[in-house]
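> The structure is given below, and queries will be raised subsequently.
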Amino acid sequence: MDLATLVGLVAAIGIIVGAIVVGGDVGLFINVPSILIVVGGTFGATLMMFPLGNFLGAFSVALKAFLHKAEAPDELIDEAVELAGLARKSGLLALEGQTISNEFLNKGIRLCVDGHDPEYVSRMLSNDINLAIERHETGVGIFKAIGASAPAMGMIGTLIGLVQMLSSMDDPKSIGPAMAVALLTTLYGAVIANAIALPIADKLAFRSAEERVNKSLILETIRGIQDGLNPKVLSALLKTYLPKSKRGEEE
Amino acid sequence: MDLATLVGLVAAIGIIVGAIVVGGDVGLFINVPSILIVVGGTFGATLMMFPLGNFLGAFSVALKAFLHKAEAPDELIDEAVELAGLARKSGLLALEGQTISNEFLNKGIRLCVDGHDPEYVSRMLSNDINLAIERHETGVGIFKAIGASAPAMGMIGTLIGLVQMLSSMDDPKSIGPAMAVALLTTLYGAVIANAIALPIADKLAFRSAEERVNKSLILETIRGIQDGLNPKVLSALLKTYLPKSKRGEEE
Amino acid sequence: MDLATLVGLVAAIGIIVGAIVVGGDVGLFINVPSILIVVGGTFGATLMMFPLGNFLGAFSVALKAFLHKAEAPDELIDEAVELAGLARKSGLLALEGQTISNEFLNKGIRLCVDGHDPEYVSRMLSNDINLAIERHETGVGIFKAIGASAPAMGMIGTLIGLVQMLSSMDDPKSIGPAMAVALLTTLYGAVIANAIALPIADKLAFRSAEERVNKSLILETIRGIQDGLNPKVLSALLKTYLPKSKRGEEE
Amino acid sequence: MDLATLVGLVAAIGIIVGAIVVGGDVGLFINVPSILIVVGGTFGATLMMFPLGNFLGAFSVALKAFLHKAEAPDELIDEAVELAGLARKSGLLALEGQTISNEFLNKGIRLCVDGHDPEYVSRMLSNDINLAIERHETGVGIFKAIGASAPAMGMIGTLIGLVQMLSSMDDPKSIGPAMAVALLTTLYGAVIANAIALPIADKLAFRSAEERVNKSLILETIRGIQDGLNPKVLSALLKTYLPKSKRGEEE
Amino acid sequence: MDLATLVGLVAAIGIIVGAIVVGGDVGLFINVPSILIVVGGTFGATLMMFPLGNFLGAFSVALKAFLHKAEAPDELIDEAVELAGLARKSGLLALEGQTISNEFLNKGIRLCVDGHDPEYVSRMLSNDINLAIERHETGVGIFKAIGASAPAMGMIGTLIGLVQMLSSMDDPKSIGPAMAVALLTTLYGAVIANAIALPIADKLAFRSAEERVNKSLILETIRGIQDGLNPKVLSALLKTYLPKSKRGEEE
């Protein structure tokens, strides 16, 4: 499980709430109509941009940002090199009984074992990578859309409040509090965008990039196995996927 | 029919109108000259950017955002695999009498049946895909242009109002209401951009991407049929177009 | 002639002027030093970015946005298919006497008739397309530069006015009018950018894209004629350049 | 020499200074600490982004924006066609004694004369083009960095001034002048960015693009000479680099 | 060691601090809750975007911006040409005992000496280059994220302060100081972003580009050695990596 997202969320929101609590009257910052206009308007606008299914799916996708952790590339490499060694020693069919933890690697190996044409296997796995990226981009796009709509809806709310306040400035004493309320929607929009939606969008994009790198590594493994590459050579090739500090002694 | 766009639009506008109604005097927010300057100025600027035909066509294109729903890829895949099976069993000509629901698939199949050169068929369908994308981009571009012009025209309206107000501040009591009116154009611009034009632009872009994926899937089908690909293999290849949850049991 | 640009310009400027006139004193909005600082500063900055020749040429280029209209692709297609039919029936040389309305098509046909190498013809026409795009981008770039400089110069003018006003606030009555004047440069900058320069830049970019599509269509025609493509097949290929509604009955 | 940059700079700065002088007290606009914070802060931030050598080099690069003028493509074409004619008539070695004004063309011709492999010559010249672009981008980047930092530092200066002013508002009379001073850094930042740094960055980028086009033209010339292309054909090919108005009568 | 980053940082921060000190009461600018909200909120948001490991690693990466200096390309070229000469004279194996200062060049040479397939060596080194760029982009991305979050958190802090201030404007005297405090978070956010995080991000990106150029140079060297290229020819090819002023006399 990846704790950073959760810790970051708790820290960011906690600090903002803390600053409010320390300042005294928390009630000042809670205004139901203001919450409705920002949250409702943002969801409305986002719903216009994406089909209902994708919109609802985005929240289960967001969970991935909290729970999911990409497999470590070095474990993948160990597994890949082992499989390549086995294939070279005992032939491709020897891979049939192997338990392979990574789903994508498993799929690739099964395609090899089934004797498919290497070019077809390559195309199939590349397709899979490219189309997964496209699907991930929709998830990222929904949170980016929320991050763009929330401040805009916050500004719309503030403008409405200002117009109402400016139209009836009979009592100078009421100007301050009225303006405070008007500013709340801007505050809500800024918090939703910068402390929730945009960071989640960035984390999902990061996860997608990580997954893409892992899948490229696997694609390279499958090609190596099909070409009967020496496991040592394959290992050296795959180690370029690791930062220098994790490569161990390169020989 | 795709309800999300309509529901989203009603929700976003409804919430904004609600916030105004709850605040009291709705009349404060209706100012015909302000509406004219934002709506008219935006349409003028957009008309400068695009030819009249495309500009008028954009509104029928926008309807697509409300009504159109791309065909589900899994239905397309079923149809494609069936056609590939038929072609493999009884030859390409057997496809002649088939009723094919998807227009683009139908066109591709007809080109195959007519015995055109595979490379020519590929080029023709690719052309069709690329040029459709370009046409869609114009539609998206018009709504993006509206979304960029409306806030600018709103700001211009507010500046005009501010200059008029500031030049004659004899009666301090009139400052507030005059400024409220000046802010209305900014409000209109923000609503038009963020609750109408930009979300429609995004939905159209999403639809265009969806259509492109479907057409790529069909192009891959046509190539597979021309190469006499095994329907099972084609099916596996096409299933990469589905998210994992919809792939069913991958054999 | 393309009226949309002119109609749009008149509408946008007319509405802004109308809002000013309706508000009363038009004189408030005319301030020669403010006009000088925005217009002069913008031209100075733009002149720093582009050579004098391109800068002056941009205004004749802008006329294109008002007067020029790209040839309709369907007329081009009719002409192209006719030429292809003639070439197939009576040989390439039969094209020699033909009057061809489109200059680029004419150039391509002449290159074919002169018996140049197909690859050379292709390279020559592609070069022509790519370099024309690059030249158009300079025209677009100049209006985009004006659209970016004008608001910046407007802001600089307003800052100068504010500093002068704030330094001598002896007479509270003069604050309002002084601030009104200070805001004028911001208003001018916003109008120049959003109602004139940026829409013209966008129209020029649209025209350039249209021309590029037409030239690609012609390049495809020339290749088809050189390959002796069946005119019916060529016609079907070229019709992908049209939106579905204009394709007529696709046979 | 290219006067546009100098004329533009003088015009932009002159108009801004003029607006200040016309307004009366010039001294209001000169505040040494404000100048220090914007200029010093901007240089500090830019120095963090680029190594010292590139940073100092940027100013000699900027001189290029004032002094340098790319060779006119039509002169290059004349020279290229002449050389191609000579090479075709009397062989490549006849080019040995030629005086060639353009350095890059000279280098390419020498590589041909030395009998290097055409592919190697191509790679060498392409390398030269690509790496020169990359070096130019650093120069452009430094001025863009200045253009981004200056307004930020201006805003920081204004915030510091506002905090100081707001903390001690005992004398209402001092508020105006104090705020005027606070705004000065914003004004300096806007002037440095919009009237100096960003236009220079754009001119350098324009020069780099111009140089790239000229070098591509030369690369095409060298390839033509190595292939023994007919000078007339080469001339027609190179004329695509000129705008239509400068192509003369295309035969 | 590269001093520019350190000098720039000290200058930028020093000038800002200087402006504060000169203005009088330094205490005005130190507010612990404001620091907490900006620094804590920024770190929280950044932590949501990147995994903990990368986040912590970013600070050791930032040290690179202060300490690291890319090897000068001209020294690399000298070494490369020498090795190529040796390989040509005495065969690839003669390179075995050589001490090679650059790690990446060393790795490439070892792969050649070990007799690996040239295509494999190329792929391995290209992989290494591309994946290193991707890892560097994460480092750049973290500082860019800090640079985007800090001003947003500063704005959130200011909004909270404004709401609190506006809700209780009983004592007009307290408005100024309260607003001064509210503005502090905006100031902190602007300083963190523009004087620290964004310049470091840019320097890291610059270093990454520099390293990429060096590695491309080395890749070209290795290919040259494998092809048995004449050292003079290789030297001329590699010198395209240097700016003209450093190429010495090109013969």
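Ligands are numbered from 1 in the order shown, residues from 1 within each chain, and chains are lettered A, B, ... in the order they appear in the structure tokens.
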Select, as a PyMOL selection string, those residues of chain A with any atom no more than 8 Å from chain B (distances computed using only C-alpha atoms).
chain A and resi 33+36-37+40-52+124+127-128+131-132+135+149+152-153+156-157+159-160+162-164+166-169
> So that I have them on file, write out the residues from the current selection with N, CA, C and O atoms, as a compact mmCIF listing (two decimals), in the first residue's frame.

# COMPACT_ATOMS: atom_id res chain seq x y z
N PRO A 33 -24.82 26.81 1.69
CA PRO A 33 -25.05 27.19 0.29
C PRO A 33 -23.75 27.35 -0.49
O PRO A 33 -23.66 26.97 -1.66
N LEU A 36 -22.54 23.98 -1.42
CA LEU A 36 -23.38 23.43 -2.49
C LEU A 36 -22.98 24.00 -3.85
O LEU A 36 -22.87 23.26 -4.84
N ILE A 37 -22.78 25.32 -3.90
CA ILE A 37 -22.50 25.93 -5.21
C ILE A 37 -21.17 25.45 -5.77
O ILE A 37 -21.06 25.13 -6.96
N GLY A 40 -21.46 21.26 -6.04
CA GLY A 40 -22.48 20.91 -7.03
C GLY A 40 -22.13 21.42 -8.41
O GLY A 40 -22.23 20.70 -9.40
N GLY A 41 -21.70 22.68 -8.48
CA GLY A 41 -21.34 23.25 -9.78
C GLY A 41 -20.19 22.51 -10.42
O GLY A 41 -20.18 22.23 -11.62
N THR A 42 -19.20 22.15 -9.59
CA THR A 42 -18.04 21.43 -10.11
C THR A 42 -18.45 20.07 -10.65
O THR A 42 -18.04 19.65 -11.73
N PHE A 43 -19.31 19.36 -9.87
CA PHE A 43 -19.74 18.05 -10.33
C PHE A 43 -20.59 18.16 -11.59
O PHE A 43 -20.47 17.35 -12.51
N GLY A 44 -21.43 19.18 -11.64
CA GLY A 44 -22.23 19.40 -12.84
C GLY A 44 -21.36 19.61 -14.07
O GLY A 44 -21.54 18.96 -15.10
N ALA A 45 -20.40 20.50 -13.93
CA ALA A 45 -19.53 20.81 -15.08
C ALA A 45 -18.73 19.58 -15.50
O ALA A 45 -18.56 19.31 -16.69
N THR A 46 -18.23 18.83 -14.50
CA THR A 46 -17.43 17.65 -14.83
C THR A 46 -18.30 16.59 -15.51
O THR A 46 -17.85 15.89 -16.42
N LEU A 47 -19.53 16.50 -15.06
CA LEU A 47 -20.46 15.53 -15.66
C LEU A 47 -20.75 15.89 -17.12
O LEU A 47 -21.01 15.01 -17.95
N MET A 48 -20.73 17.19 -17.43
CA MET A 48 -20.92 17.58 -18.83
C MET A 48 -19.76 17.11 -19.70
O MET A 48 -19.91 16.87 -20.89
N MET A 49 -18.57 17.02 -19.08
CA MET A 49 -17.37 16.72 -19.86
C MET A 49 -17.16 15.23 -20.09
O MET A 49 -16.53 14.84 -21.07
N PHE A 50 -17.63 14.41 -19.16
CA PHE A 50 -17.37 12.98 -19.25
C PHE A 50 -18.66 12.19 -19.12
O PHE A 50 -19.58 12.62 -18.41
N PRO A 51 -18.74 11.01 -19.75
CA PRO A 51 -19.95 10.19 -19.59
C PRO A 51 -20.10 9.75 -18.13
O PRO A 51 -19.11 9.65 -17.39
N LEU A 52 -21.34 9.49 -17.76
CA LEU A 52 -21.64 9.13 -16.38
C LEU A 52 -20.78 7.97 -15.87
O LEU A 52 -20.24 8.02 -14.75
N MET A 124 0.12 -7.21 -29.97
CA MET A 124 -0.92 -7.39 -28.96
C MET A 124 -0.52 -6.70 -27.65
O MET A 124 -1.31 -5.97 -27.05
N ASN A 127 -0.41 -2.86 -28.14
CA ASN A 127 -1.80 -2.41 -28.11
C ASN A 127 -2.30 -2.26 -26.68
O ASN A 127 -2.89 -1.26 -26.30
N ASP A 128 -2.02 -3.30 -25.91
CA ASP A 128 -2.48 -3.33 -24.53
C ASP A 128 -1.90 -2.15 -23.75
O ASP A 128 -2.60 -1.45 -23.01
N LEU A 131 -3.43 1.30 -25.11
CA LEU A 131 -4.83 1.52 -24.79
C LEU A 131 -5.04 1.67 -23.28
O LEU A 131 -5.93 2.39 -22.84
N ALA A 132 -4.19 1.01 -22.49
CA ALA A 132 -4.27 1.22 -21.04
C ALA A 132 -3.90 2.67 -20.71
O ALA A 132 -4.54 3.31 -19.87
N ARG A 135 -6.85 4.83 -21.39
CA ARG A 135 -7.88 4.73 -20.35
C ARG A 135 -7.46 5.47 -19.09
O ARG A 135 -8.26 6.12 -18.44
N SER A 149 -12.50 23.20 -12.66
CA SER A 149 -13.85 23.71 -12.45
C SER A 149 -14.04 24.31 -11.06
O SER A 149 -14.73 25.32 -10.90
N ALA A 152 -13.16 27.92 -10.69
CA ALA A 152 -14.06 28.73 -11.51
C ALA A 152 -15.41 28.86 -10.82
O ALA A 152 -16.00 29.94 -10.76
N MET A 153 -15.93 27.76 -10.28
CA MET A 153 -17.21 27.82 -9.57
C MET A 153 -17.07 28.65 -8.29
O MET A 153 -17.99 29.37 -7.90
N ILE A 156 -17.34 32.16 -9.42
CA ILE A 156 -18.74 32.49 -9.73
C ILE A 156 -19.52 32.75 -8.45
O ILE A 156 -20.28 33.72 -8.34
N GLY A 157 -19.31 31.90 -7.44
CA GLY A 157 -19.99 32.08 -6.16
C GLY A 157 -19.62 33.41 -5.52
O GLY A 157 -20.48 34.14 -5.00
N LEU A 159 -18.56 36.12 -7.04
CA LEU A 159 -19.16 37.21 -7.81
C LEU A 159 -20.62 37.39 -7.45
O LEU A 159 -21.10 38.52 -7.29
N ILE A 160 -21.35 36.27 -7.31
CA ILE A 160 -22.76 36.37 -6.92
C ILE A 160 -22.88 37.06 -5.57
O ILE A 160 -23.68 37.98 -5.37
N LEU A 162 -20.75 39.08 -4.15
CA LEU A 162 -20.36 40.49 -4.23
C LEU A 162 -21.48 41.35 -4.81
O LEU A 162 -21.75 42.45 -4.33
N VAL A 163 -22.12 40.83 -5.87
CA VAL A 163 -23.21 41.60 -6.48
C VAL A 163 -24.32 41.83 -5.46
O VAL A 163 -24.84 42.95 -5.32
N GLN A 164 -24.66 40.76 -4.72
CA GLN A 164 -25.71 40.90 -3.70
C GLN A 164 -25.29 41.90 -2.62
O GLN A 164 -26.06 42.77 -2.22
N LEU A 166 -23.02 44.36 -2.82
CA LEU A 166 -22.85 45.73 -3.30
C LEU A 166 -24.17 46.42 -3.58
O LEU A 166 -24.28 47.65 -3.50
N SER A 167 -25.20 45.62 -3.88
CA SER A 167 -26.49 46.22 -4.22
C SER A 167 -27.19 46.82 -3.01
O SER A 167 -28.09 47.64 -3.12
N SER A 168 -26.82 46.37 -1.81
CA SER A 168 -27.52 46.87 -0.63
C SER A 168 -26.52 47.15 0.48
O SER A 168 -26.39 46.39 1.42
N MET A 169 -25.79 48.24 0.30
CA MET A 169 -24.79 48.57 1.29
C MET A 169 -25.32 49.59 2.29
O MET A 169 -24.63 50.54 2.65
> So that I can check the secondary structure, give me every residue of segment 16-240 of chain C assigned alpha helix (DSSP H) by backbone DSSP, as a count of residues only.
178
> If you count only C-alpha atoms, which residues fall within 8 Å of segment 97-107 of chain C, apart from same-chain ones fewer than 4 positions away, as a PDB file with C-alpha atoms, in the first residue's frame?

ATOM      1  CA  LEU C  76     -11.111  20.708 -56.190  1.00  0.00           C
ATOM      2  CA  GLU C  79     -11.419  19.017 -61.086  1.00  0.00           C
ATOM      3  CA  LEU C 111       5.660  18.839 -62.957  1.00  0.00           C
ATOM      4  CA  LYS C 215      -2.763  21.008 -50.618  1.00  0.00           C
ATOM      5  CA  ILE C 218      -3.840  17.928 -54.299  1.00  0.00           C
ATOM      6  CA  ILE C 222      -0.898  14.088 -58.168  1.00  0.00           C
TER       7      ILE C 222
END
> Restricting the calculation to only C-alpha atoms, which member of D:Ala58, D:Ile129, D:Gly91, D:Ala70 is positioned closest to Gly228 of chain D?
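Answer, going by the shortest atom-to-atom distance: D:Gly91.
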> Choose the residue, out of E:Asn230, E:Ser235, E:Asn54, E:Ser34, that has the smallest atom-to-atom separation from Gly141 of chain E; count only C-alpha atoms.
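The closest residue to Gly141 of chain E is E:Asn54.
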> If you measure from atom CA of Pro231 of chain A to atom CA of Arg212 of chain A, what distance in Å do you get, rounded to one decimal?
22.8 Å
> So that I can see what lies close to Arg88 of chain A, please list as a list in words the residues with an atom at most 10 Å from it, counting only C-alpha atoms and leaving out residues fewer than 3 positions away in the same chain.
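So the residues in contact are Glu82, Leu83, Ala84, Gly85, Gly91, Leu92, Ala94, Ile225, Gln226, Asp227, Gly228, Leu229, Asn230 and Pro231 of chain A.
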> Please compute the atom CA of His116 of chain D-atom CA of Asn130 of chain D distance, one decimal, in Å.
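Atom CA of Asn130 of chain D lies at a distance of 20.5 Å from atom CA of His116 of chain D.
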> Can you pull out the residues contacting Ser216 of chain C? Cut-off 9 Å, using only C-alpha atoms, and skip same-chain residues under 5 positions away; I want them as a PyMOL selection string.
chain C and resi 126+129+211+221
> Go ahead and write the selection's residues with all heavy atoms as a tab-separated table (two decimals), in the first residue's frame.

chain	number	residue	atom	x	y	z
C	126	SER	N	5.70	18.56	-51.22
C	126	SER	CA	5.71	18.48	-49.75
C	126	SER	C	6.49	19.66	-49.16
C	126	SER	O	6.05	20.29	-48.19
C	126	SER	CB	6.36	17.19	-49.27
C	126	SER	OG	5.74	16.08	-49.82
C	129	ILE	N	4.40	22.67	-49.26
C	129	ILE	CA	3.38	22.68	-48.20
C	129	ILE	C	4.01	23.04	-46.85
C	129	ILE	O	3.55	23.95	-46.15
C	129	ILE	CB	2.69	21.30	-48.11
C	129	ILE	CG1	1.91	21.01	-49.40
C	129	ILE	CG2	1.76	21.24	-46.91
C	129	ILE	CD1	1.29	19.62	-49.44
C	211	GLU	N	-5.83	25.55	-45.97
C	211	GLU	CA	-4.98	25.50	-47.16
C	211	GLU	C	-4.13	24.22	-47.14
C	211	GLU	O	-3.91	23.60	-48.17
C	211	GLU	CB	-4.08	26.74	-47.17
C	211	GLU	CG	-3.51	27.05	-48.55
C	211	GLU	CD	-2.62	28.27	-48.51
C	211	GLU	OE1	-3.01	29.30	-47.93
C	211	GLU	OE2	-1.50	28.18	-49.05
C	221	THR	N	-3.86	13.73	-55.13
C	221	THR	CA	-4.29	13.67	-56.53
C	221	THR	C	-3.12	13.42	-57.46
C	221	THR	O	-3.17	12.54	-58.34
C	221	THR	CB	-4.97	15.00	-56.93
C	221	THR	OG1	-6.04	15.26	-56.03
C	221	THR	CG2	-5.47	14.95	-58.35
